[in-house]
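*Asks:* Attaching a single structure in C-alpha cells format; questions to follow.
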Amino acid sequence: MDTDEPIAKKAYYSIGEVCDLTGLKPHVLRYWESQFELLHPTKNRAGNRVFRPKEIELILLVKHLLYEKKFTIDGARQHLLDMRKSGKIAEEGKDVVNRDFLANMKQELLQVKEVLAAPPSRLDS
C-alpha cells in the first residue's frame, strides 16, 4: 500500500477539505500561510485557496512542530527553513503524514472494535 494514499487521491483540495484532513480550522490555515513562507497555496479562478498534497504534508508538519514538539511560530519557521536547506523537509513531512494517518486509522479501528463488542440488539418478531 502506498503511504501517500490518504492525501494523494486528488490533485487539489479546498480549504474545507484540508481542515477535515488535518483537524484544523480555516483561520488557522490562513494565519499559518502568513507566517510560513513555504506554505503558499494557489488560488483558483474564483479566488479560493486550493492545496496540493505536498502542501497538506507541510501543514501536517507545521502542526506536528507546533502542537506536539511545542515549537513557537518563530522556532517552527526556522526549523522548516533549516530542514529545507538540508533537504530533509520532504522526508520529515512523510514521517509526520504516516504517523498522523496511523493515529487516525487506530482511532477508527477502536471505534469499529466498540461496535463489534456491543451486545447484539434483540429483534422483536
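Chain labels run A, B, ... following the order of the C-alpha cells; each chain numbers its residues from 1, and ligands are numbered from 1 in the order shown.
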Skipping near chain neighbours, those fewer than 5 positions away, what residues fall within 8 Å of range 14-20 of chain A using only C-alpha atoms, listed as a list in words?
*Replies:*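 These residues fall inside the cut-off: Lys25, Pro26, Asn48, Arg49, Val50, Phe51 and Ile56 of chain A.
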*Asks:* Write down as number ranges by chain the residues of range 21-111 of chain A whose backbone DSSP state falls under strand (DSSP E or B).
*Replies:* A: 42-43, 49-51
*Asks:* Just give me the gap between CA of Met83 in chain A and CA of Glu68 in chain A in Å, one decimal is fine.
*Replies:*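 Taking CA of Met83 in chain A as the start and CA of Glu68 in chain A as the end point, the length is 17.5 Å.
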*Asks:* I'd like to know which of A:Leu58, A:Leu110, A:Val115, A:Ala11 is closest to Phe36 in chain A, using only C-alpha atoms.
*Replies:*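 Under the stated criterion, the closest residue is A:Leu58.
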